[in-house]
Amino acid sequence: MRAVAYHGKRDVRVDTVPDPTIEEPTDAIVRITSSGICGSDLHLYEVLGAFIEEGDVLGHEPMGVVEAVGPEVTQIKPGDRVVIPFNISCGHCFMCDQHLYSQCETTQVRDQGKGASLFGYTKLYGQVPGGQAELLRVPQAHFGPIKVPEGPPDERFVYLSDVLPTAWQAVEYAAIPEGGTVAVFGLGPIGQM
Amino acid sequence: MPERLEMARRHGVHTIDLREHHDIAEALRSLTDGRGPDSVIDAVGMEAHGAPLGKLAQQLAGMLPDAIAAKMTEKAGIDRLSVLHASIDTVRRGGTISLSGVYGGMVDPMPMMDLFDKQIQLRMGQANVKRWIDDIMPLLQEESDPLGVEDLATHKLPLEQAPHAYDIFQKKQDGAIKILLQPNGA
């Protein structure tokens, strides 16, 4: 399959790489229809080269159609339209039980002293192949993927992967009082949302 | 980044462009009874990296309940820590700063005296995506698209054009605000 891979500072290329396969019973394979480029992908592009290897596939804002599921994945099936959250979380550990999915203890990258694994975001976060590709292997697929209806274009739902929850959480964490005021620094996608 | 100001305006935010202000905090205090906004969201983080040499434009939006907003642009020289420091300076005493921008420093100097003196609450971290889906999904299913998600992507490109996509996104060229890559011409 074709995939966007890191090749050095300001050097991403579309490579041909092996198709992903089901490896764990909780995996799914998704054929990607849309995948956003995040502002934080630009940090990989520009400055985080020390933590990423040539050939690593980038991307953590994907959506698409399920092609295959492992035996322990029952809430989605081939043909379902899904959005994939950038966090890779099990849904049933101490942290996930508190909705701290970015801190999942099942996928935490302990040898780097970091939180939950992420798609396409360096060794610090598990060196998991990302979603800017034709196909994506989704670990913890019994929990992560978000089913969305047919009909509206991908743009209606793709931001559930990162942009919308990031902006929503930013507002929740800002604890704006009823009728209060908030100033937003930065008018990229998060600031706009 | 006039297209970014314009995008915010399209969503009903009334903007006042105050390009010549050197003191963001003072300008915002004048709009909020002399105290500063109750809350500040830093949606910039380390984004200053990769910006073109020359002027860095800093955009600030403040929102009042009746949807009047003031936007200000400051001239060059705002680096990543400056936004955090500007947030500390801007927020009112007893207020909250929410950092969604990624920060990666480990020895950043922080004005602890100001943080403590102003009794500021600071929250941050990566989004816990699944936590918010039930809140967000109903809004995406409304015909009128209240969150404006169908207005965000400025470019939808085939996967094969990824190198070009990263380039214009980083350089903020061609009006790029958000780019979606679409394999197989989805």
# chains A, B, ... in the order shown; residues from 1 in each chain; ligands from 1
>>> interface_residues(of="chain A", to="chain B", cutoff="6 Å", atoms="only C-alpha atoms", output="number ranges by chain")
A: 12-13, 33-37, 99-102, 134, 155-156, 165-166, 170, 173-174, 176, 179, 181-186, 191
>>> atom_distance(atom1="CA of Ile32 in chain A", atom2="CA of Val128 in chain A")
15.9 Å
>>> select_by_dssp(residues="range 21-157 of chain A", states="strand (DSSP E)", output="list in words")
Ala28, Ile29, Val30, Arg31, Ile32, Thr33, Ser34, Ser35, Gly36, Pro62, Met63, Gly64, Val65, Val66, Glu67, Ala68, Val69, Arg81, Val82, Val83, Leu135, Leu136, Arg137, Val138, Ile146 and Lys147 of chain A
>>> residues_around(residues="Asp11 in chain A", least_positions_apart="3", cutoff="8 Å", atoms="only C-alpha atoms", output="JSON, numbers by chain")
{"A": [6, 7, 8, 45], "B": [163]}
>>> closest_residue(among="B:Ile88, B:Gly34, B:Arg29, B:Pro138", to="Asp114 in chain B", atoms="only C-alpha atoms")
B:Ile88
>>> select_by_dssp(residues="range 42-193 of chain A", states="helix (DSSP H, G or I)", output="PyMOL selection string")
chain A and resi 42-46+49-51+94-97+101-103+110-112+123-125+154-156+158-161+163-173+189-192
>>> atom_distance(atom1="CA of Gly113 in chain A", atom2="CA of Pro145 in chain A")
25.8 Å
>>> residues_around(residues="Phe94 in chain A", least_positions_apart="3", cutoff="9 Å", atoms="only C-alpha atoms", output="list in words")
Asp97, Gln98, Leu100, Cys104 and Glu105 of chain A
>>> closest_residue(among="A:Val163, A:Ala50, A:Ala141, A:Cys96", to="Val30 in chain A", atoms="only C-alpha atoms")
A:Ala141
>>> residues_around(residues="range 56-62 of chain A", least_positions_apart="6", cutoff="7 Å", atoms="only C-alpha atoms", output="list in words")
Ala3, Val4, Ala5, Tyr6, Ile32, Ser34, Ser35, Gly36, Ile37, Val83, Ile84, Phe86, Phe119, Gly120, Tyr121, Pro129, Gly130, Gly131, Gln132, Val158, Ser161 and Asp162 of chain A
>>> decode(residues="range 12-145 of chain A", atoms="C-alpha atoms", output="compact mmCIF listing (two decimals), in the first residue's frame")
# COMPACT_ATOMS: atom_id res chain seq x y z
CA VAL A 12 8.03 13.39 3.86
CA ARG A 13 7.45 11.05 0.95
CA VAL A 14 4.77 8.66 -0.15
CA ASP A 15 6.28 5.16 -0.02
CA THR A 16 5.02 1.72 -0.94
CA VAL A 17 4.99 -0.38 2.24
CA PRO A 18 3.54 -3.80 3.17
CA ASP A 19 -0.20 -3.89 3.86
CA PRO A 20 -0.97 -4.16 7.58
CA THR A 21 -2.47 -7.40 8.92
CA ILE A 22 -4.37 -8.48 12.02
CA GLU A 23 -1.73 -9.26 14.68
CA GLU A 24 -3.68 -9.25 17.93
CA PRO A 25 -7.23 -10.47 18.61
CA THR A 26 -8.19 -6.86 19.41
CA ASP A 27 -6.94 -5.42 16.10
CA ALA A 28 -8.94 -4.11 13.16
CA ILE A 29 -7.83 -3.13 9.68
CA VAL A 30 -9.43 0.05 8.28
CA ARG A 31 -9.28 1.31 4.71
CA ILE A 32 -8.67 5.05 5.10
CA THR A 33 -10.88 7.51 3.22
CA SER A 34 -9.67 10.77 4.86
CA SER A 35 -6.78 11.62 7.15
CA GLY A 36 -5.99 15.08 8.46
CA ILE A 37 -2.60 16.70 8.84
CA CYS A 38 -2.24 18.07 12.37
CA GLY A 39 -0.25 21.10 13.51
CA SER A 40 1.67 18.68 15.72
CA ASP A 41 2.67 16.69 12.58
CA LEU A 42 4.61 19.80 11.68
CA HIS A 43 6.72 19.36 14.83
CA LEU A 44 7.73 15.93 13.49
CA TYR A 45 8.42 17.50 10.12
CA GLU A 46 10.60 20.24 11.55
CA VAL A 47 12.12 19.47 14.94
CA LEU A 48 11.41 16.03 16.39
CA GLY A 49 13.66 14.06 14.04
CA ALA A 50 15.63 12.61 16.94
CA PHE A 51 12.59 10.58 17.99
CA ILE A 52 11.40 9.29 14.64
CA GLU A 53 12.97 6.84 12.21
CA GLU A 54 13.17 7.07 8.47
CA GLY A 55 10.22 5.18 7.04
CA ASP A 56 7.88 5.72 10.01
CA VAL A 57 4.35 6.34 8.76
CA LEU A 58 2.73 9.55 9.99
CA GLY A 59 -0.84 10.62 10.69
CA HIS A 60 -3.26 10.48 13.62
CA GLU A 61 -6.54 11.93 12.33
CA PRO A 62 -7.94 9.10 10.19
CA MET A 63 -11.35 7.78 9.23
CA GLY A 64 -12.49 5.10 6.85
CA VAL A 65 -14.24 1.76 6.39
CA VAL A 66 -13.54 -1.39 8.42
CA GLU A 67 -12.05 -4.16 6.27
CA ALA A 68 -11.27 -6.81 8.89
CA VAL A 69 -11.53 -7.38 12.63
CA GLY A 70 -9.80 -9.70 15.10
CA PRO A 71 -11.87 -12.25 17.06
CA GLU A 72 -12.23 -10.04 20.17
CA VAL A 73 -13.64 -7.07 18.26
CA THR A 74 -17.42 -7.22 18.31
CA GLN A 75 -18.78 -3.69 18.31
CA ILE A 76 -17.59 -2.96 14.76
CA LYS A 77 -17.63 -5.17 11.66
CA PRO A 78 -16.36 -5.04 8.08
CA GLY A 79 -18.21 -2.35 6.11
CA ASP A 80 -18.76 -0.02 9.10
CA ARG A 81 -17.76 3.62 8.66
CA VAL A 82 -15.49 4.62 11.56
CA VAL A 83 -13.39 7.50 12.87
CA ILE A 84 -10.23 6.49 14.72
CA PRO A 85 -9.23 8.49 17.84
CA PHE A 86 -5.56 9.45 17.98
CA ASN A 87 -5.27 7.93 21.49
CA ILE A 88 -4.80 4.15 21.56
CA SER A 89 -6.62 3.08 24.70
CA CYS A 90 -7.96 -0.18 26.12
CA GLY A 91 -11.06 1.25 27.77
CA HIS A 92 -10.82 -0.86 30.93
CA CYS A 93 -7.73 0.04 33.00
CA PHE A 94 -7.40 2.33 36.02
CA MET A 95 -6.82 5.37 33.80
CA CYS A 96 -9.43 4.55 31.13
CA ASP A 97 -12.02 3.99 33.86
CA GLN A 98 -11.50 7.64 34.81
CA HIS A 99 -11.78 8.78 31.18
CA LEU A 100 -8.07 9.60 31.13
CA TYR A 101 -7.65 7.77 27.81
CA SER A 102 -4.44 9.68 27.03
CA GLN A 103 -2.92 7.93 30.08
CA CYS A 104 -4.06 4.35 29.34
CA GLU A 105 -1.97 1.92 31.39
CA THR A 106 -2.29 -0.87 28.83
CA THR A 107 -0.66 1.10 26.02
CA GLN A 108 1.53 3.45 28.10
CA VAL A 109 5.04 3.71 26.70
CA ARG A 110 6.87 2.90 29.93
CA ASP A 111 10.37 2.65 28.50
CA GLN A 112 10.05 6.27 27.42
CA GLY A 113 8.27 7.45 30.55
CA LYS A 114 5.31 8.59 28.48
CA GLY A 115 1.55 8.20 28.42
CA ALA A 116 -0.69 6.16 26.12
CA SER A 117 0.48 5.17 22.66
CA LEU A 118 -0.61 7.37 19.77
CA PHE A 119 -0.84 6.76 16.03
CA GLY A 120 2.07 8.02 13.97
CA TYR A 121 3.90 9.96 16.67
CA THR A 122 7.51 8.89 17.34
CA LYS A 123 9.17 6.36 19.62
CA LEU A 124 8.02 8.42 22.60
CA TYR A 125 4.47 7.31 21.89
CA GLY A 126 4.96 3.73 20.82
CA GLN A 127 6.18 4.11 17.21
CA VAL A 128 2.78 2.99 15.95
CA PRO A 129 2.27 3.32 12.16
CA GLY A 130 -0.02 6.24 11.44
CA GLY A 131 -3.14 6.93 9.42
CA GLN A 132 -1.87 8.92 6.44
CA ALA A 133 -1.99 5.76 4.38
CA GLU A 134 -4.35 3.59 2.35
CA LEU A 135 -4.81 1.09 5.19
CA LEU A 136 -4.38 1.26 8.96
CA ARG A 137 -3.97 -1.43 11.60
CA VAL A 138 -5.96 -0.25 14.63
CA PRO A 139 -4.87 -1.77 17.98
CA GLN A 140 -7.44 -1.88 20.83
CA ALA A 141 -10.19 -1.81 18.23
CA HIS A 142 -12.66 -3.34 20.71
CA PHE A 143 -12.74 0.14 22.28
CA GLY A 144 -11.38 2.96 20.10
CA PRO A 145 -13.16 3.26 16.74
